[in-house]
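Colleague: The file below is upload_26.csv, CSV, C-alpha atoms:
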```csv
chain,number,residue,atom,x,y,z
A,8,MET,CA,-81.6,-18.6,-1.5
A,9,GLU,CA,-84.8,-16.7,-2.3
A,10,ASN,CA,-86.5,-13.7,-0.6
A,11,ASN,CA,-89.3,-11.9,-2.3
A,12,GLY,CA,-88.1,-13.2,-5.7
A,13,ILE,CA,-84.6,-11.9,-5.0
A,14,HIS,CA,-81.9,-14.5,-4.9
A,15,ILE,CA,-78.4,-14.5,-3.5
A,16,VAL,CA,-76.2,-15.9,-6.2
A,17,ASP,CA,-72.4,-16.3,-6.8
A,18,ARG,CA,-71.1,-15.0,-10.1
A,19,GLY,CA,-67.5,-15.3,-9.1
A,20,ARG,CA,-67.4,-12.1,-7.0
A,21,GLY,CA,-68.7,-13.8,-3.8
A,22,PRO,CA,-72.4,-13.9,-2.8
A,23,GLN,CA,-74.4,-11.1,-4.5
A,24,LEU,CA,-77.9,-10.1,-5.3
A,25,SER,CA,-79.4,-11.7,-8.4
A,26,THR,CA,-80.9,-8.3,-9.2
A,27,CYS,CA,-77.9,-6.0,-8.7
A,28,ARG,CA,-74.1,-6.1,-8.7
A,29,ILE,CA,-74.0,-5.2,-5.0
A,30,THR,CA,-72.5,-8.1,-3.0
A,31,VAL,CA,-73.4,-9.3,0.5
A,32,GLN,CA,-70.0,-8.1,1.6
A,33,ASP,CA,-70.6,-4.6,0.3
A,34,VAL,CA,-73.5,-4.4,2.9
A,35,VAL,CA,-71.9,-6.4,5.8
A,36,PRO,CA,-70.0,-3.5,7.4
A,37,TYR,CA,-73.2,-1.6,7.9
A,38,ILE,CA,-75.1,-4.6,9.2
A,39,GLN,CA,-72.3,-5.2,11.7
A,40,ARG,CA,-72.7,-1.6,12.9
A,41,GLY,CA,-76.4,-2.0,13.3
A,42,PHE,CA,-77.5,0.4,10.6
A,43,THR,CA,-81.2,0.3,9.8
A,44,SER,CA,-82.5,-0.5,6.3
A,45,GLN,CA,-83.2,3.2,5.8
A,46,GLN,CA,-79.6,4.1,6.7
A,47,ILE,CA,-78.2,1.5,4.3
A,48,LEU,CA,-80.5,2.9,1.6
A,49,GLU,CA,-79.0,6.3,2.1
A,50,ILE,CA,-75.5,4.8,1.6
A,51,MET,CA,-76.5,2.6,-1.3
A,52,PRO,CA,-79.5,4.4,-2.9
A,53,VAL,CA,-79.6,2.0,-5.8
A,54,LEU,CA,-80.8,-0.8,-3.5
A,55,THR,CA,-84.5,-1.6,-2.7
A,56,THR,CA,-85.8,-2.4,0.8
A,57,ALA,CA,-86.5,-6.0,-0.5
A,58,GLU,CA,-82.9,-6.4,-1.6
A,59,ILE,CA,-81.6,-5.2,1.8
A,60,ASP,CA,-84.0,-7.7,3.4
A,61,ALA,CA,-82.6,-10.4,1.2
A,62,VAL,CA,-79.0,-9.6,2.2
A,63,GLN,CA,-79.9,-9.4,5.9
A,64,LYS,CA,-81.7,-12.8,5.7
A,65,TYR,CA,-78.7,-14.3,4.0
A,66,VAL,CA,-76.3,-12.9,6.6
A,67,ARG,CA,-78.5,-14.3,9.5
A,68,GLU,CA,-78.7,-17.7,7.9
A,69,ASN,CA,-74.9,-17.9,7.0
A,70,TYR,CA,-73.5,-15.8,9.8
A,71,GLU,CA,-70.3,-17.7,10.5
A,72,ALA,CA,-69.3,-18.0,6.9
A,73,VAL,CA,-70.1,-14.4,6.1
A,74,MET,CA,-68.1,-13.1,9.1
A,75,GLU,CA,-65.2,-15.3,8.2
A,76,GLN,CA,-65.2,-13.9,4.7
A,77,ASP,CA,-65.4,-10.4,6.2
A,78,ARG,CA,-62.4,-11.1,8.3
A,79,ARG,CA,-60.4,-12.3,5.3
A,80,ILE,CA,-61.4,-9.2,3.3
A,81,ARG,CA,-60.3,-6.9,6.1
A,82,GLU,CA,-57.0,-8.8,6.5
A,83,ARG,CA,-56.4,-8.5,2.7
A,84,ASN,CA,-57.1,-4.8,2.7
A,85,ALA,CA,-55.0,-4.2,5.9
A,86,ALA,CA,-52.1,-5.9,4.2
A,87,LYS,CA,-52.1,-3.2,1.5
A,88,ARG,CA,-51.9,-0.5,4.2
A,89,GLN,CA,-48.7,1.0,5.5
A,90,PRO,CA,-47.8,1.1,9.2
A,91,PRO,CA,-49.4,4.2,10.9
A,92,ASP,CA,-46.1,6.2,11.0
A,93,ALA,CA,-45.4,5.6,7.3
A,94,GLU,CA,-49.1,6.4,6.5
A,95,GLU,CA,-48.8,9.7,8.3
A,96,ALA,CA,-45.5,10.6,6.6
A,97,GLU,CA,-47.0,9.8,3.2
A,98,ARG,CA,-50.0,12.0,4.0
A,99,LYS,CA,-47.8,14.9,4.9
A,100,ALA,CA,-45.8,14.4,1.7
A,101,ILE,CA,-49.1,14.3,-0.3
A,102,ARG,CA,-50.3,17.6,1.3
A,103,GLU,CA,-46.9,19.2,0.5
A,104,ARG,CA,-47.2,18.1,-3.2
A,105,LEU,CA,-50.8,19.4,-3.3
A,106,GLU,CA,-49.8,22.8,-1.9
A,107,SER,CA,-47.1,23.0,-4.6
A,108,ALA,CA,-49.7,22.1,-7.2
A,109,ARG,CA,-52.0,24.8,-5.8
A,110,ILE,CA,-49.4,27.4,-6.4
A,111,LEU,CA,-48.9,26.2,-10.0
A,112,ILE,CA,-52.6,26.2,-10.6
A,113,ARG,CA,-52.9,29.8,-9.4
A,114,GLN,CA,-50.0,30.8,-11.6
A,115,LYS,CA,-51.6,29.2,-14.7
A,116,LYS,CA,-54.9,30.8,-13.9
A,117,GLN,CA,-53.2,34.2,-13.5
A,118,GLU,CA,-51.3,33.7,-16.8
A,119,GLN,CA,-54.5,32.8,-18.6
A,120,SER,CA,-56.4,35.8,-17.3
A,121,SER,CA,-53.6,38.2,-18.3
A,122,ASP,CA,-53.1,36.6,-21.8
A,123,PRO,CA,-55.4,38.5,-24.2
A,124,ALA,CA,-55.3,35.5,-26.6
A,125,SER,CA,-57.0,33.3,-24.0
A,126,ARG,CA,-59.9,35.8,-23.6
B,7,MET,CA,-61.6,16.9,-18.4
B,8,ILE,CA,-61.6,14.0,-15.9
B,9,ARG,CA,-64.7,11.8,-15.8
B,10,LEU,CA,-65.3,10.0,-12.5
B,11,LEU,CA,-67.8,7.1,-12.4
B,12,ALA,CA,-69.2,6.0,-9.1
B,13,ASP,CA,-69.8,2.2,-8.8
B,14,VAL,CA,-73.3,1.4,-7.5
B,15,ASN,CA,-71.9,-0.1,-4.4
B,16,ILE,CA,-70.3,3.1,-3.2
B,17,GLU,CA,-72.6,5.8,-4.7
B,18,GLY,CA,-73.3,7.3,-1.3
B,19,HIS,CA,-69.6,7.2,-0.4
B,20,VAL,CA,-68.7,8.9,-3.7
B,21,ALA,CA,-71.4,11.6,-3.2
B,22,ARG,CA,-69.8,12.4,0.2
B,23,LEU,CA,-66.3,12.5,-1.3
B,24,LEU,CA,-67.5,14.7,-4.2
B,25,ALA,CA,-68.9,17.1,-1.8
B,26,LEU,CA,-65.6,17.3,0.0
B,27,MET,CA,-63.8,17.7,-3.3
B,28,GLN,CA,-66.0,20.7,-4.2
B,29,SER,CA,-65.6,22.4,-0.9
B,30,GLU,CA,-64.1,25.9,-0.8
B,31,PHE,CA,-60.6,24.5,0.2
B,32,TRP,CA,-60.5,22.3,-2.9
B,33,ARG,CA,-62.5,24.3,-5.4
B,34,GLU,CA,-59.6,25.5,-7.5
B,35,PHE,CA,-58.4,21.9,-8.0
B,36,TRP,CA,-61.9,20.8,-9.0
B,37,GLU,CA,-62.1,23.5,-11.6
B,38,TYR,CA,-58.5,23.1,-12.8
B,39,LEU,CA,-59.0,19.4,-13.4
B,40,ASP,CA,-62.5,20.0,-14.8
B,41,ILE,CA,-63.9,17.0,-13.0
B,42,GLN,CA,-67.2,15.5,-14.3
B,43,PRO,CA,-69.0,13.0,-12.0
B,44,TYR,CA,-71.0,10.2,-13.7
B,45,ARG,CA,-73.4,7.6,-12.4
B,46,PHE,CA,-74.2,4.2,-14.1
B,47,PRO,CA,-77.4,5.4,-15.9
B,48,ASP,CA,-75.4,8.3,-17.4
B,49,VAL,CA,-73.2,5.9,-19.4
B,50,GLN,CA,-75.8,3.2,-20.2
B,51,LEU,CA,-74.7,0.9,-17.4
B,52,THR,CA,-77.2,-1.0,-15.4
B,53,ARG,CA,-77.0,-1.8,-11.7
B,54,ASP,CA,-76.5,-5.5,-12.5
B,55,ASP,CA,-73.8,-5.3,-15.1
B,56,SER,CA,-70.7,-7.4,-14.6
B,57,ASP,CA,-67.3,-6.1,-13.5
B,58,ALA,CA,-66.1,-7.0,-17.0
B,59,ARG,CA,-68.7,-4.9,-18.7
B,60,VAL,CA,-68.2,-2.0,-16.3
B,61,TRP,CA,-64.5,-2.0,-17.0
B,62,GLN,CA,-65.0,-2.1,-20.7
B,63,VAL,CA,-67.4,0.8,-20.7
B,64,CYS,CA,-64.9,2.8,-18.6
B,65,GLN,CA,-62.2,2.2,-21.2
B,66,GLN,CA,-64.5,3.0,-24.1
B,67,MET,CA,-65.8,6.2,-22.5
B,68,GLN,CA,-62.6,7.3,-20.8
B,69,LEU,CA,-64.0,7.0,-17.3
B,70,TYR,CA,-62.2,6.6,-14.0
B,71,LEU,CA,-64.2,4.1,-12.0
B,72,LEU,CA,-64.3,4.6,-8.2
B,73,THR,CA,-65.1,1.3,-6.4
B,74,ASN,CA,-64.4,-0.6,-3.3
B,75,ASN,CA,-62.5,-3.8,-2.6
B,76,ARG,CA,-64.8,-6.3,-0.8
B,77,ASN,CA,-65.3,-8.9,-3.5
B,78,ASP,CA,-63.8,-12.3,-4.4
B,79,ASP,CA,-61.4,-12.4,-7.3
B,80,GLY,CA,-63.4,-14.8,-9.4
B,81,PRO,CA,-63.1,-15.2,-13.2
B,82,ASP,CA,-65.5,-12.4,-14.0
B,83,SER,CA,-64.3,-10.1,-11.2
B,84,LEU,CA,-62.7,-6.7,-11.7
B,85,GLU,CA,-59.4,-8.0,-10.6
B,86,ALA,CA,-59.5,-10.8,-13.2
B,87,THR,CA,-60.7,-8.4,-15.9
B,88,ILE,CA,-57.9,-6.0,-15.2
B,89,ARG,CA,-55.3,-8.9,-15.3
B,90,LYS,CA,-56.7,-10.1,-18.6
B,91,HIS,CA,-57.3,-6.8,-20.5
B,92,ASN,CA,-55.2,-4.1,-18.9
B,93,GLU,CA,-52.9,-2.4,-21.4
B,94,VAL,CA,-50.3,0.5,-21.1
B,95,SER,CA,-53.0,3.0,-22.1
B,96,SER,CA,-55.8,1.6,-20.0
B,97,PHE,CA,-57.7,3.9,-17.6
B,98,PRO,CA,-57.0,2.8,-14.0
B,99,VAL,CA,-59.6,2.1,-11.4
B,100,PHE,CA,-59.6,3.9,-8.1
B,101,THR,CA,-60.3,1.5,-5.2
B,102,LEU,CA,-61.3,2.6,-1.7
B,103,SER,CA,-59.5,0.3,0.7
B,104,ASP,CA,-62.0,0.9,3.6
B,105,ALA,CA,-65.1,2.4,2.0
B,106,ASP,CA,-67.3,2.2,5.1
B,107,ARG,CA,-65.0,4.6,7.0
B,108,VAL,CA,-65.9,7.4,4.6
B,109,PHE,CA,-69.2,7.6,6.5
B,110,LEU,CA,-67.7,7.1,10.0
B,111,ASP,CA,-64.4,9.0,10.0
B,112,LYS,CA,-64.1,12.5,8.6
B,113,ASP,CA,-60.3,12.4,8.9
B,114,TYR,CA,-60.3,9.3,6.7
B,115,ALA,CA,-62.6,10.9,4.1
B,116,GLU,CA,-60.2,13.8,4.0
B,117,ARG,CA,-57.2,11.5,3.5
B,118,VAL,CA,-59.0,9.8,0.6
B,119,THR,CA,-59.7,13.2,-0.9
B,120,ASP,CA,-56.0,14.2,-0.6
B,121,SER,CA,-54.9,11.0,-2.2
B,122,LEU,CA,-57.4,11.1,-5.0
B,123,TYR,CA,-56.5,14.7,-5.9
B,124,GLU,CA,-52.8,13.9,-5.8
B,125,LYS,CA,-53.3,11.0,-8.2
B,126,LEU,CA,-55.7,12.9,-10.5
B,127,LEU,CA,-53.1,15.7,-10.9
B,128,ARG,CA,-50.7,13.1,-12.5
B,129,ILE,CA,-53.3,10.8,-14.0
B,130,ASP,CA,-51.9,10.6,-17.5
B,131,GLY,CA,-48.7,9.0,-16.0
B,132,LEU,CA,-50.8,6.5,-14.2
B,133,ARG,CA,-52.5,4.9,-17.2
B,134,GLY,CA,-52.0,1.2,-17.4
B,135,THR,CA,-51.5,0.8,-13.6
B,136,GLY,CA,-54.7,-1.2,-13.2
B,137,ARG,CA,-55.9,-0.5,-9.7
B,138,LEU,CA,-55.0,2.6,-7.8
B,139,PHE,CA,-55.6,2.1,-4.1
B,140,LEU,CA,-56.9,5.0,-2.0
B,141,PRO,CA,-56.3,4.9,1.7
```
Could you write out this structure as structure tokens?
Modeller:
Amino acid sequence: MENNGIHIVDRGRGPQLSTCRITVQDVVPYIQRGFTSQQILEIMPVLTTAEIDAVQKYVRENYEAVMEQDRRIRERNAAKRQPPDAEEAERKAIRERLESARILIRQKKQEQSSDPASR
Amino acid sequence: MIRLLADVNIEGHVARLLALMQSEFWREFWEYLDIQPYRFPDVQLTRDDSDARVWQVCQQMQLYLLTNNRNDDGPDSLEATIRKHNEVSSFPVFTLSDADRVFLDKDYAERVTDSLYEKLLRIDGLRGTGRLFLP
């Protein structure tokens, strides 16, 4: 597929721009939410308007296949997630570990500032 | 020092996370870990380099790549590269499970920040683990 000299190719990572390592599926979540090209550019500043146009054209022309691939990706990523209760418990545990680390960081900083050798 | 490299497909996402990581609440962690953000041009990577090349540069330059997980696992993919080349001392890759939510859900962005800091604090013990999934 060609658009302004920009192709959509597959190098083994799924359909992607011929000019950049960004894949069609990298952009799909924002197209699904109706983001404008300008909003997509703010999220992926490395892209050009012509490249976004090429991805949007590819999605329009291959809509069913692209959405099926998006569904598979979301399923794959969801399978890696824990149930909400376990996720919340893990988050709490992480926050506790971080607060313990914060105390240690402050102690080390204080030791360094009171150690004449470190000045 | 911890060198974080933003993949081109999530540069905007990483910029948002880095802003959170440098906020007043997290400032002492940022300074303690001595985090240095990098972009592709900083390390002679181009925006059309392959996953294999990106991974190799990360290993050579001791960079922790931040990327997403929306690609196929073909022969030249990051997944295949890690399977083929990962060693006990390899630098792992941080993978955002749901990158688009960084822009849409502040609570999610904060969870990612928590998880990233928690892993960075024990990063030496996580060498060789391949991919490290963030929420």
Colleague: List as a list of chain:residue names the protein and nucleic acid residues near region 119-127 of chain B, meaning an atom at most 9 Å away when only C-alpha atoms are counted, but skip any in the same chain fewer than 2 places from it.
Modeller: A:Arg98, A:Ile101, A:Arg102, A:Arg104, A:Leu105, A:Ala108, B:Ile8, B:Leu23, B:Leu24, B:Leu26, B:Met27, B:Phe35, B:Trp36, B:Leu39, B:Phe100, B:Tyr114, B:Ala115, B:Glu116, B:Arg117, B:Ile129, B:Asp130, B:Leu132, B:Leu138, B:Leu140, B:Pro141
Colleague: Could you check how far CA of Asp48 (chain B) sits from CA of Asp13 (chain B), in Å to one decimal?
Modeller: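 Atom-to-atom, CA of Asp48 (chain B) to CA of Asp13 (chain B), that is 11.9 Å.
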Colleague: Kindly determine which residues of chain B lie within 9 Å of chain A, considering all atoms listed in the file, and give the answer as a count of residues only.
Modeller: 38
Colleague: Which distance in Å separates CA of Asn69 (chain A) and CA of Leu110 (chain B), to one decimal?
Modeller: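 Between CA of Asn69 (chain A) and CA of Leu110 (chain B) the gap works out to 26.2 Å.
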Colleague: Measure the distance from CA of Ala12 (chain B) to CA of Tyr70 (chain B) in Å and round it to one decimal.
Modeller: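 Computing it gives 8.6 Å between the two atoms.
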Colleague: For the point (-51.4, 4.1, -22.3) in the file's frame, write as a tab-separated table (two decimals) with C-alpha atoms, in the coordinates of the input all residues with an atom no more than 6 Å away, counting only C-alpha atoms.
Modeller:
```
chain	number	residue	atom	x	y	z
B	94	VAL	CA	-50.30	0.50	-21.10
B	95	SER	CA	-53.00	3.00	-22.10
B	96	SER	CA	-55.80	1.60	-20.00
B	133	ARG	CA	-52.50	4.90	-17.20
B	134	GLY	CA	-52.00	1.20	-17.40
```
